[in-house]
file work-v8.cif (mmCIF, C-alpha atoms)
data_work
loop_
_atom_site.group_PDB
_atom_site.id
_atom_site.type_symbol
_atom_site.label_atom_id
_atom_site.label_comp_id
_atom_site.auth_asym_id
_atom_site.auth_seq_id
_atom_site.Cartn_x
_atom_site.Cartn_y
_atom_site.Cartn_z
ATOM 1 C CA MET A 948 -13.122 -3.249 3.464
ATOM 2 C CA LYS A 949 -15.101 -2.786 0.271
ATOM 3 C CA GLY A 950 -18.597 -1.323 0.255
ATOM 4 C CA GLU A 951 -21.850 -3.102 -0.592
ATOM 5 C CA GLY A 952 -23.113 -3.115 -4.173
ATOM 6 C CA ILE A 953 -24.535 -5.143 -7.032
ATOM 7 C CA VAL A 954 -21.654 -7.629 -6.932
ATOM 8 C CA GLY A 955 -22.069 -8.555 -3.279
ATOM 9 C CA THR A 956 -22.096 -7.635 0.390
ATOM 10 C CA PRO A 957 -18.935 -7.602 2.532
ATOM 11 C CA ALA A 958 -18.709 -9.513 5.790
ATOM 12 C CA ARG A 959 -19.366 -6.353 7.791
ATOM 13 C CA THR A 960 -21.545 -3.387 6.937
ATOM 14 C CA TYR A 961 -22.303 -0.024 8.511
ATOM 15 C CA ASP A 962 -25.863 1.292 8.844
ATOM 16 C CA SER A 963 -25.141 4.992 8.339
ATOM 17 C CA PHE A 964 -28.778 6.009 8.841
ATOM 18 C CA ASN A 965 -28.961 4.492 12.334
ATOM 19 C CA ASN A 966 -25.213 4.846 13.087
ATOM 20 C CA VAL A 967 -24.832 1.136 13.850
ATOM 21 C CA LEU A 968 -21.991 -1.172 12.797
ATOM 22 C CA ASN A 969 -23.529 -4.544 11.981
ATOM 23 C CA ALA A 970 -22.134 -7.834 13.251
ATOM 24 C CA LEU A 971 -19.206 -9.421 11.431
ATOM 25 C CA ALA A 972 -20.200 -12.388 9.239
ATOM 26 C CA ALA A 973 -18.276 -15.654 9.440
ATOM 27 C CA THR A 974 -16.891 -15.466 5.883
ATOM 28 C CA ASP A 975 -16.031 -12.843 3.277
ATOM 29 C CA GLY A 976 -18.956 -11.730 1.150
ATOM 30 C CA TYR A 977 -16.961 -11.227 -2.061
ATOM 31 C CA THR A 978 -15.523 -14.179 -3.942
ATOM 32 C CA ASN A 979 -12.014 -12.731 -4.054
ATOM 33 C CA GLY A 980 -12.122 -11.212 -0.580
ATOM 34 C CA ASP A 981 -13.584 -8.137 1.066
ATOM 35 C CA VAL A 982 -10.435 -6.031 1.442
ATOM 36 C CA GLY A 983 -8.418 -3.976 -1.037
ATOM 37 C CA ARG A 984 -8.916 -0.806 -3.032
ATOM 38 C CA GLY A 985 -10.654 -2.384 -6.030
ATOM 39 C CA ALA A 986 -14.250 -1.242 -6.496
ATOM 40 C CA PRO A 987 -16.577 -4.190 -7.228
ATOM 41 C CA GLY A 988 -19.385 -2.990 -9.495
ATOM 42 C CA ASN A 989 -20.951 0.156 -8.079
ATOM 43 C CA ALA A 990 -19.479 -0.285 -4.577
ATOM 44 C CA GLY A 991 -16.549 1.793 -3.352
ATOM 45 C CA GLY A 992 -13.214 0.114 -2.699
ATOM 46 C CA GLY A 993 -11.519 0.092 0.703
ATOM 47 C CA GLY A 994 -8.402 1.990 1.734
ATOM 48 C CA ASN A 995 -5.524 -0.274 0.789
ATOM 49 C CA GLN A 996 -2.505 0.975 2.712
ATOM 50 C CA HIS A 997 -1.628 2.726 5.955
ATOM 51 C CA ASN A 998 -4.558 5.053 6.687
ATOM 52 C CA ALA A 999 -5.769 5.499 3.097
ATOM 53 C CA GLY A 1000 -9.390 6.599 2.661
ATOM 54 C CA GLY A 1001 -12.301 4.589 1.275
ATOM 55 C CA GLY A 1002 -13.873 5.231 -2.137
ATOM 56 C CA GLY A 1003 -17.408 6.525 -2.616
ATOM 57 C CA GLY A 1004 -20.194 4.405 -4.092
ATOM 58 C CA GLY A 1005 -21.499 4.861 -7.641
ATOM 59 C CA ASN A 1006 -24.847 4.835 -9.468
ATOM 60 C CA GLY A 1007 -25.775 7.621 -11.903
ATOM 61 C CA GLY A 1008 -22.367 9.167 -11.318
ATOM 62 C CA ALA A 1009 -19.061 7.603 -10.333
ATOM 63 C CA GLY A 1010 -17.888 7.647 -6.734
ATOM 64 C CA GLY A 1011 -14.812 9.647 -5.781
ATOM 65 C CA ASN A 1012 -11.551 7.904 -4.954
ATOM 66 C CA GLY A 1013 -10.391 7.847 -1.337
ATOM 67 C CA GLY A 1014 -7.550 10.062 -0.147
ATOM 68 C CA GLY A 1015 -3.924 8.909 -0.091
ATOM 69 C CA SER A 1016 -2.061 7.149 2.698
ATOM 70 C CA TRP A 1017 -0.306 8.553 5.742
ATOM 71 C CA ASN A 1018 2.306 11.099 4.761
ATOM 72 C CA ALA A 1019 4.261 11.901 7.910
ATOM 73 C CA ASN A 1020 7.835 12.967 7.102
ATOM 74 C CA THR A 1021 9.271 9.752 8.485
ATOM 75 C CA ASN A 1022 7.182 7.570 6.163
ATOM 76 C CA GLY A 1023 9.095 6.296 3.137
ATOM 77 C CA GLN A 1024 5.764 5.657 1.396
ATOM 78 C CA SER A 1025 4.696 9.251 1.862
ATOM 79 C CA GLY A 1026 1.344 10.093 0.328
ATOM 80 C CA TRP A 1027 0.965 7.046 -1.894
ATOM 81 C CA GLN A 1028 -2.348 7.065 -3.755
ATOM 82 C CA THR A 1029 -3.689 3.855 -2.282
ATOM 83 C CA GLY A 1030 -7.179 5.064 -1.385
ATOM 84 C CA GLY A 1031 -10.174 2.988 -2.458
ATOM 85 C CA TYR A 1032 -11.431 3.456 -5.993
ATOM 86 C CA GLY A 1033 -14.857 5.006 -6.513
ATOM 87 C CA GLY A 1034 -17.785 2.817 -7.538
ATOM 88 C CA PHE A 1035 -18.774 2.529 -11.215
ATOM 89 C CA PRO A 1036 -21.702 4.652 -12.543
ATOM 90 C CA ILE A 1037 -23.713 1.532 -13.340
ATOM 91 C CA ALA A 1038 -26.945 3.337 -14.242
ATOM 92 C CA THR A 1039 -25.298 4.943 -17.258
ATOM 93 C CA ALA A 1040 -25.069 1.516 -18.900
ATOM 94 C CA PHE A 1041 -28.824 0.776 -18.699
ATOM 95 C CA GLY A 1042 -30.768 4.030 -18.556
ATOM 96 C CA ALA A 1043 -34.352 3.753 -17.300
ATOM 97 C CA THR A 1044 -34.614 0.078 -18.268
ATOM 98 C CA ARG A 1045 -33.110 -0.992 -14.953
ATOM 99 C CA LEU A 1046 -32.909 0.667 -11.542
ATOM 100 C CA PHE A 1047 -30.127 0.225 -9.005
ATOM 101 C CA LEU A 1048 -29.626 0.894 -5.339
ATOM 102 C CA GLY A 1049 -26.816 3.355 -4.730
ATOM 103 C CA GLY A 1050 -23.461 1.680 -4.142
ATOM 104 C CA GLY A 1051 -22.110 1.758 -0.605
ATOM 105 C CA GLY A 1052 -18.872 3.540 0.253
ATOM 106 C CA GLY A 1053 -15.711 1.607 1.062
ATOM 107 C CA ALA A 1054 -14.125 1.756 4.509
ATOM 108 C CA GLY A 1055 -10.894 3.587 5.218
ATOM 109 C CA ASP A 1056 -7.818 1.815 6.563
ATOM 110 C CA VAL A 1057 -7.992 2.276 10.337
ATOM 111 C CA GLY A 1058 -4.982 1.456 12.480
ATOM 112 C CA GLY A 1059 -6.699 1.809 15.843
ATOM 113 C CA ASN A 1060 -5.089 5.131 16.685
ATOM 114 C CA GLY A 1061 -7.918 6.336 18.876
ATOM 115 C CA SER A 1062 -10.793 5.648 16.485
ATOM 116 C CA THR A 1063 -13.793 3.680 17.660
ATOM 117 C CA ASP A 1064 -16.568 1.962 15.707
ATOM 118 C CA PRO A 1065 -18.096 3.044 13.401
ATOM 119 C CA GLN A 1066 -15.383 5.595 12.538
ATOM 120 C CA GLY A 1067 -13.643 4.710 9.302
ATOM 121 C CA SER A 1068 -16.734 2.971 7.912
ATOM 122 C CA GLY A 1069 -18.168 3.625 4.454
ATOM 123 C CA ALA A 1070 -21.767 4.826 4.187
ATOM 124 C CA ASN A 1071 -24.937 3.234 2.786
ATOM 125 C CA GLY A 1072 -26.146 3.924 -0.738
ATOM 126 C CA GLY A 1073 -29.588 5.403 -1.366
ATOM 127 C CA GLY A 1074 -32.696 3.295 -1.981
ATOM 128 C CA ILE A 1075 -35.170 2.924 -4.847
ATOM 129 C CA ILE A 1076 -38.493 4.770 -5.135
ATOM 130 C CA MET A 1077 -41.010 3.656 -7.774
ATOM 131 C CA VAL A 1078 -44.377 5.378 -8.187
ATOM 132 C CA ARG A 1079 -47.047 4.510 -10.775
ATOM 133 C CA ALA A 1080 -50.147 6.676 -10.456
ATOM 134 C CA GLY A 1081 -53.091 8.139 -12.326
ATOM 135 C CA GLY A 1082 -51.829 11.594 -11.426
ATOM 136 C CA ILE A 1083 -49.850 13.463 -8.797
ATOM 137 C CA SER A 1084 -50.658 16.830 -7.240
ATOM 138 C CA GLY A 1085 -49.510 18.890 -4.297
ATOM 139 C CA ALA A 1086 -46.070 19.386 -2.795
ATOM 140 C CA GLY A 1087 -43.645 16.983 -1.159
ATOM 141 C CA THR A 1088 -40.209 15.426 -1.407
ATOM 142 C CA PHE A 1089 -39.068 12.039 -2.657
ATOM 143 C CA GLN A 1090 -35.670 11.251 -1.147
ATOM 144 C CA ALA A 1091 -33.257 8.496 -2.142
ATOM 145 C CA ASN A 1092 -30.056 10.115 -0.920
ATOM 146 C CA GLY A 1093 -26.855 8.268 -0.106
ATOM 147 C CA GLY A 1094 -25.575 8.268 3.457
ATOM 148 C CA ASN A 1095 -22.738 10.400 4.811
ATOM 149 C CA ALA A 1096 -19.639 8.607 6.068
ATOM 150 C CA PRO A 1097 -18.676 9.234 9.711
ATOM 151 C CA ASN A 1098 -15.767 11.510 10.500
ATOM 152 C CA THR A 1099 -12.671 10.472 12.426
ATOM 153 C CA GLY A 1100 -11.072 12.697 15.031
ATOM 154 C CA SER A 1101 -7.716 10.978 15.316
ATOM 155 C CA THR A 1102 -4.811 9.699 13.240
ATOM 156 C CA ASP A 1103 -6.899 7.336 11.134
ATOM 157 C CA SER A 1104 -8.545 7.507 7.718
ATOM 158 C CA ALA A 1105 -12.236 7.855 6.849
ATOM 159 C CA GLY A 1106 -14.685 5.959 4.634
ATOM 160 C CA GLY A 1107 -16.467 6.893 1.426
ATOM 161 C CA GLY A 1108 -19.962 8.316 1.025
ATOM 162 C CA GLY A 1109 -22.856 6.283 -0.344
ATOM 163 C CA ALA A 1110 -24.170 6.925 -3.844
ATOM 164 C CA GLY A 1111 -27.603 8.381 -4.442
ATOM 165 C CA GLY A 1112 -30.335 5.878 -5.269
ATOM 166 C CA SER A 1113 -32.921 5.740 -8.072
ATOM 167 C CA ILE A 1114 -36.360 7.338 -8.477
ATOM 168 C CA LEU A 1115 -38.882 6.380 -11.191
ATOM 169 C CA VAL A 1116 -42.272 8.104 -11.457
ATOM 170 C CA THR A 1117 -44.913 7.410 -14.133
ATOM 171 C CA VAL A 1118 -48.390 8.955 -14.352
ATOM 172 C CA GLN A 1119 -51.344 8.437 -16.699
ATOM 173 C CA SER A 1120 -51.926 12.151 -17.108
ATOM 174 C CA GLY A 1121 -50.450 15.453 -16.026
ATOM 175 C CA GLY A 1122 -47.173 16.147 -14.362
ATOM 176 C CA VAL A 1123 -45.797 15.534 -10.881
ATOM 177 C CA GLY A 1124 -47.189 18.576 -9.095
ATOM 178 C CA ALA A 1125 -44.737 20.416 -6.889
ATOM 179 C CA ILE A 1126 -42.764 17.323 -5.916
ATOM 180 C CA THR A 1127 -39.032 17.730 -5.250
ATOM 181 C CA PHE A 1128 -36.762 14.812 -6.112
ATOM 182 C CA GLN A 1129 -33.496 14.072 -4.325
ATOM 183 C CA ALA A 1130 -31.031 11.300 -5.110
ATOM 184 C CA ASN A 1131 -27.816 12.953 -4.002
ATOM 185 C CA GLY A 1132 -24.580 11.229 -3.118
ATOM 186 C CA GLY A 1133 -23.363 11.301 0.487
ATOM 187 C CA THR A 1134 -20.244 13.066 1.695
ATOM 188 C CA GLY A 1135 -16.984 11.263 2.336
ATOM 189 C CA GLY A 1136 -15.713 11.152 5.897
ATOM 190 C CA SER A 1137 -13.257 13.810 7.113
ATOM 191 C CA ASN A 1138 -10.501 13.596 9.691
ATOM 192 C CA SER A 1139 -8.723 15.935 12.066
ATOM 193 C CA MET A 1140 -5.289 15.137 13.451
ATOM 194 C CA GLY A 1141 -5.518 17.465 16.435
ATOM 195 C CA ALA A 1142 -3.188 20.091 17.853
ATOM 196 C CA GLY A 1143 0.531 19.565 17.372
ATOM 197 C CA ASN A 1144 0.183 16.786 14.795
ATOM 198 C CA PRO A 1145 1.241 17.524 11.185
ATOM 199 C CA GLU A 1146 0.173 14.094 9.936
ATOM 200 C CA GLN A 1147 -2.277 13.830 7.053
ATOM 201 C CA ASP A 1148 -4.350 10.696 6.557
ATOM 202 C CA GLY A 1149 -6.793 9.873 3.770
ATOM 203 C CA PRO A 1150 -10.354 11.222 3.916
ATOM 204 C CA GLY A 1151 -13.155 9.417 2.093
ATOM 205 C CA GLY A 1152 -14.347 9.952 -1.457
ATOM 206 C CA GLY A 1153 -17.789 11.389 -2.095
ATOM 207 C CA GLY A 1154 -20.680 9.223 -3.255
ATOM 208 C CA GLY A 1155 -21.824 9.565 -6.865
ATOM 209 C CA GLY A 1156 -25.192 11.080 -7.677
ATOM 210 C CA GLY A 1157 -28.230 8.904 -8.295
ATOM 211 C CA VAL A 1158 -30.828 9.041 -11.088
ATOM 212 C CA VAL A 1159 -34.377 10.403 -11.354
ATOM 213 C CA TYR A 1160 -36.859 9.557 -14.143
ATOM 214 C CA THR A 1161 -40.138 11.502 -14.330
ATOM 215 C CA PRO A 1162 -42.827 12.175 -16.977
ATOM 216 C CA ALA A 1163 -40.845 15.284 -17.906
ATOM 217 C CA GLY A 1164 -37.838 13.117 -18.728
ATOM 218 C CA SER A 1165 -34.651 12.094 -17.003
ATOM 219 C CA ILE A 1166 -33.124 14.491 -14.519
ATOM 220 C CA GLY A 1167 -29.962 12.425 -14.912
ATOM 221 C CA ALA A 1168 -27.190 12.036 -12.391
ATOM 222 C CA ILE A 1169 -27.922 14.576 -9.689
ATOM 223 C CA ALA A 1170 -25.515 16.014 -7.150
ATOM 224 C CA SER A 1171 -22.534 13.950 -6.118
ATOM 225 C CA GLY A 1172 -21.423 14.125 -2.495
ATOM 226 C CA ALA A 1173 -18.404 16.175 -1.489
ATOM 227 C CA ASN A 1174 -15.179 14.387 -0.670
ATOM 228 C CA GLY A 1175 -13.914 14.480 2.882
ATOM 229 C CA THR A 1176 -11.306 16.928 4.126
ATOM 230 C CA VAL A 1177 -8.297 16.698 6.425
ATOM 231 C CA THR A 1178 -7.200 19.156 9.093
ATOM 232 C CA THR A 1179 -3.734 19.049 10.671
ATOM 233 C CA ALA A 1180 -1.843 21.242 13.095
ATOM 234 C CA ASN A 1181 -0.334 23.067 10.125
ATOM 235 C CA THR A 1182 -3.281 23.381 7.736
ATOM 236 C CA ALA A 1183 -6.880 24.376 7.502
ATOM 237 C CA PRO A 1184 -9.261 21.812 6.012
ATOM 238 C CA THR A 1185 -8.205 20.799 2.502
ATOM 239 C CA ASP A 1186 -9.881 18.641 -0.107
ATOM 240 C CA ALA A 1187 -9.056 14.957 -0.193
ATOM 241 C CA PRO A 1188 -6.842 14.087 -3.166
ATOM 242 C CA ASN A 1189 -9.600 12.443 -5.180
ATOM 243 C CA TYR A 1190 -8.953 11.376 -8.756
ATOM 244 C CA TYR A 1191 -11.817 10.610 -11.115
#
call {"tool": "encode", "arguments": {"input": "work-v8.cif", "output": "structure tokens"}}
result
Amino acid sequence: MKGEGIVGTPARTYDSFNNVLNALAATDGYTNGDVGRGAPGNAGGGGNQHNAGGGGGGNGGAGGNGGGSWNANTNGQSGWQTGGYGGFPIATAFGATRLFLGGGGGAGDVGGNGSTDPQGSGANGGGIIMVRAGGISGAGTFQANGGNAPNTGSTDSAGGGGAGGSILVTVQSGGVGAITFQANGGTGGSNSMGAGNPEQDGPGGGGGGGVVYTPAGSIGAIASGANGTVTTANTAPTDAPNYY
């Protein structure tokens, strides 16, 4: 299932901050359907084929693509790149004239091989922080980070991380004190096949970085989230095959 973004909201969403899978709506949220690897706007696309990973959401930076499908030796479609596409870096088209919530990550394709909700879900994108003040002093942190996708511990894929959100700060005089700004993308979900299982399924793509605008100028797209990894009986954790 696709993630949530500027184009729409899918029939089911995952609250990655409270670790709750929301109720399924009666109809698809996207005009052309909620499933498939296509990334609508800044939302990540869903894993499209047997245990392919979900794409990460986009905002200031693009989301990472989800990992490829199941590649057991007996599978004639071994390792096809059918993971969800990463969300578009929508903020790059508008600059500071328009702010966007971080795109949500797409869900991985889950075949029910031991996974339970919310495993396989994509994560939430980061929020928007807007501050207009006479001046700012002191220390603190403004956070609009994307959520991390949950990991799976069985033969199923994982979802994409949420993109970082947007932060805009304007002051009449002075700077922003010792404030730290964070609008980082969330990590894609990882999976572990367990002992004795050489199968590799698709981890999730990382969420793109968000944007921060301050009196000192744009900090630009800050850190993107890492893609998920996969561990099998034969390998240590390896990067998901993300393509940007």
call {"tool": "closest_atom_pairs", "arguments": {"input": "work-v8.cif", "of": "segment 987-1009 of chain A", "to": "segment 1090-1110 of chain A", "cutoff": "6 Å", "atoms": "only C-alpha atoms", "output": "Markdown table"}}
result
| residue | atom | partner | partner_atom | distance |
| --- | --- | --- | --- | --- |
| A:Asn998 | CA | A:Ser1104 | CA | 4.8 |
| A:Ala999 | CA | A:Ser1104 | CA | 5.8 |
| A:Gly1000 | CA | A:Ser1104 | CA | 5.2 |
| A:Gly1001 | CA | A:Gly1106 | CA | 4.3 |
| A:Gly1002 | CA | A:Gly1107 | CA | 4.7 |
| A:Gly1003 | CA | A:Gly1107 | CA | 4.2 |
| A:Gly1004 | CA | A:Ala1110 | CA | 4.7 |
| A:Gly1005 | CA | A:Ala1110 | CA | 5.1 |
call {"tool": "closest_residue", "arguments": {"input": "work-v8.cif", "among": "A:Gly976, A:Pro1065, A:Gly1154, A:Gly1015", "to": "Gly1051 of chain A", "atoms": "only C-alpha atoms"}}
result
A:Gly1154
call {"tool": "residues_around", "arguments": {"input": "work-v8.cif", "residues": "Gly1031 of chain A", "least_positions_apart": "5", "cutoff": "10 Å", "atoms": "all atoms listed in the file", "output": "PyMOL selection string"}}
result
chain A and resi 948-950+982-986+991-996+999-1003+1010-1015+1052-1056+1106-1107+1149+1151-1152+1189
call {"tool": "write_last_selection", "arguments": {"input": "work-v8.cif", "atoms": "C-alpha atoms", "output": "short mmCIF file (atom, residue, chain, number, x, y, z; two decimals), keeping the file's coordinate frame"}}
result
data_model
loop_
_atom_site.label_atom_id
_atom_site.label_comp_id
_atom_site.auth_asym_id
_atom_site.auth_seq_id
_atom_site.Cartn_x
_atom_site.Cartn_y
_atom_site.Cartn_z
CA MET A 948 -13.12 -3.25 3.46
CA LYS A 949 -15.10 -2.79 0.27
CA GLY A 950 -18.60 -1.32 0.26
CA VAL A 982 -10.44 -6.03 1.44
CA GLY A 983 -8.42 -3.98 -1.04
CA ARG A 984 -8.92 -0.81 -3.03
CA GLY A 985 -10.65 -2.38 -6.03
CA ALA A 986 -14.25 -1.24 -6.50
CA GLY A 991 -16.55 1.79 -3.35
CA GLY A 992 -13.21 0.11 -2.70
CA GLY A 993 -11.52 0.09 0.70
CA GLY A 994 -8.40 1.99 1.73
CA ASN A 995 -5.52 -0.27 0.79
CA GLN A 996 -2.50 0.98 2.71
CA ALA A 999 -5.77 5.50 3.10
CA GLY A 1000 -9.39 6.60 2.66
CA GLY A 1001 -12.30 4.59 1.27
CA GLY A 1002 -13.87 5.23 -2.14
CA GLY A 1003 -17.41 6.52 -2.62
CA GLY A 1010 -17.89 7.65 -6.73
CA GLY A 1011 -14.81 9.65 -5.78
CA ASN A 1012 -11.55 7.90 -4.95
CA GLY A 1013 -10.39 7.85 -1.34
CA GLY A 1014 -7.55 10.06 -0.15
CA GLY A 1015 -3.92 8.91 -0.09
CA GLY A 1052 -18.87 3.54 0.25
CA GLY A 1053 -15.71 1.61 1.06
CA ALA A 1054 -14.12 1.76 4.51
CA GLY A 1055 -10.89 3.59 5.22
CA ASP A 1056 -7.82 1.82 6.56
CA GLY A 1106 -14.68 5.96 4.63
CA GLY A 1107 -16.47 6.89 1.43
CA GLY A 1149 -6.79 9.87 3.77
CA GLY A 1151 -13.16 9.42 2.09
CA GLY A 1152 -14.35 9.95 -1.46
CA ASN A 1189 -9.60 12.44 -5.18
#
call {"tool": "axis_aligned_box", "arguments": {"input": "work-v8.cif", "around": "segment 1120-1137 of chain A", "padding_each_side": "4 Å", "output": "AutoDock Vina command-line options"}}
result
--center_x -32.6 --center_y 15.8 --center_z -5.0 --size_x 46.7 --size_y 17.3 --size_z 32.2
call {"tool": "closest_residue", "arguments": {"input": "work-v8.cif", "among": "A:Met1140, A:Ile1075, A:Ala1009, A:Leu1048", "to": "Gly1034 of chain A", "atoms": "only C-alpha atoms"}}
result
A:Ala1009
call {"tool": "closest_residue", "arguments": {"input": "work-v8.cif", "among": "A:Trp1027, A:Thr1088, A:Gly1121, A:Ser1016", "to": "Val1177 of chain A", "atoms": "only C-alpha atoms"}}
result
A:Ser1016
call {"tool": "residues_around", "arguments": {"input": "work-v8.cif", "residues": "Gly1122 of chain A", "least_positions_apart": "3", "cutoff": "12 Å", "atoms": "all atoms listed in the file", "output": "PyMOL selection string"}}
result
chain A and resi 1080-1085+1116-1119+1125-1126+1161-1164
call {"tool": "write_last_selection", "arguments": {"input": "work-v8.cif", "atoms": "C-alpha atoms", "output": "PDB file, in the coordinates of the input"}}
result
ATOM      1  CA  ALA A1080     -50.147   6.676 -10.456  1.00  0.00           C
ATOM      2  CA  GLY A1081     -53.091   8.139 -12.326  1.00  0.00           C
ATOM      3  CA  GLY A1082     -51.829  11.594 -11.426  1.00  0.00           C
ATOM      4  CA  ILE A1083     -49.850  13.463  -8.797  1.00  0.00           C
ATOM      5  CA  SER A1084     -50.658  16.830  -7.240  1.00  0.00           C
ATOM      6  CA  GLY A1085     -49.510  18.890  -4.297  1.00  0.00           C
ATOM      7  CA  VAL A1116     -42.272   8.104 -11.457  1.00  0.00           C
ATOM      8  CA  THR A1117     -44.913   7.410 -14.133  1.00  0.00           C
ATOM      9  CA  VAL A1118     -48.390   8.955 -14.352  1.00  0.00           C
ATOM     10  CA  GLN A1119     -51.344   8.437 -16.699  1.00  0.00           C
ATOM     11  CA  ALA A1125     -44.737  20.416  -6.889  1.00  0.00           C
ATOM     12  CA  ILE A1126     -42.764  17.323  -5.916  1.00  0.00           C
ATOM     13  CA  THR A1161     -40.138  11.502 -14.330  1.00  0.00           C
ATOM     14  CA  PRO A1162     -42.827  12.175 -16.977  1.00  0.00           C
ATOM     15  CA  ALA A1163     -40.845  15.284 -17.906  1.00  0.00           C
ATOM     16  CA  GLY A1164     -37.838  13.117 -18.728  1.00  0.00           C
TER      17      GLY A1164
END
call {"tool": "atom_distance", "arguments": {"input": "work-v8.cif", "atom1": "atom CA of Gly1132 of chain A", "atom2": "atom CA of Thr1039 of chain A"}}
result
15.5 Å
call {"tool": "residues_around", "arguments": {"input": "work-v8.cif", "residues": "segment 961-963 of chain A", "least_positions_apart": "3", "cutoff": "6 Å", "atoms": "all atoms listed in the file", "output": "PyMOL selection string"}}
result
chain A and resi 966-969+1070-1071+1094
call {"tool": "atom_distance", "arguments": {"input": "work-v8.cif", "atom1": "atom CA of Gly1049 of chain A", "atom2": "atom CA of Val1123 of chain A"}}
result
23.4 Å
call {"tool": "closest_residue", "arguments": {"input": "work-v8.cif", "among": "A:Ala973, A:Ala1173, A:Ala990, A:Ile1076", "to": "Gly1033 of chain A", "atoms": "only C-alpha atoms"}}
result
A:Ala990
call {"tool": "atom_distance", "arguments": {"input": "work-v8.cif", "atom1": "atom CA of Gly1007 of chain A", "atom2": "atom CA of Asp975 of chain A"}}
result
27.3 Å
call {"tool": "closest_residue", "arguments": {"input": "work-v8.cif", "among": "A:Gly1073, A:Ser1113, A:Gly1155, A:Glu1146", "to": "Phe1035 of chain A", "atoms": "all atoms listed in the file"}}
result
A:Gly1155
call {"tool": "residues_near_point", "arguments": {"input": "work-v8.cif", "point": "(-21.6, -5.3, -7.8)", "cutoff": "6 Å", "atoms": "all atoms listed in the file", "output": "VMD selection string"}}
result
chain A and resid 952 to 955 987 to 989
call {"tool": "closest_residue", "arguments": {"input": "work-v8.cif", "among": "A:Ala958, A:Ile1166, A:Ala1043, A:Ala1038", "to": "Gly1008 of chain A", "atoms": "all atoms listed in the file"}}
result
A:Ala1038
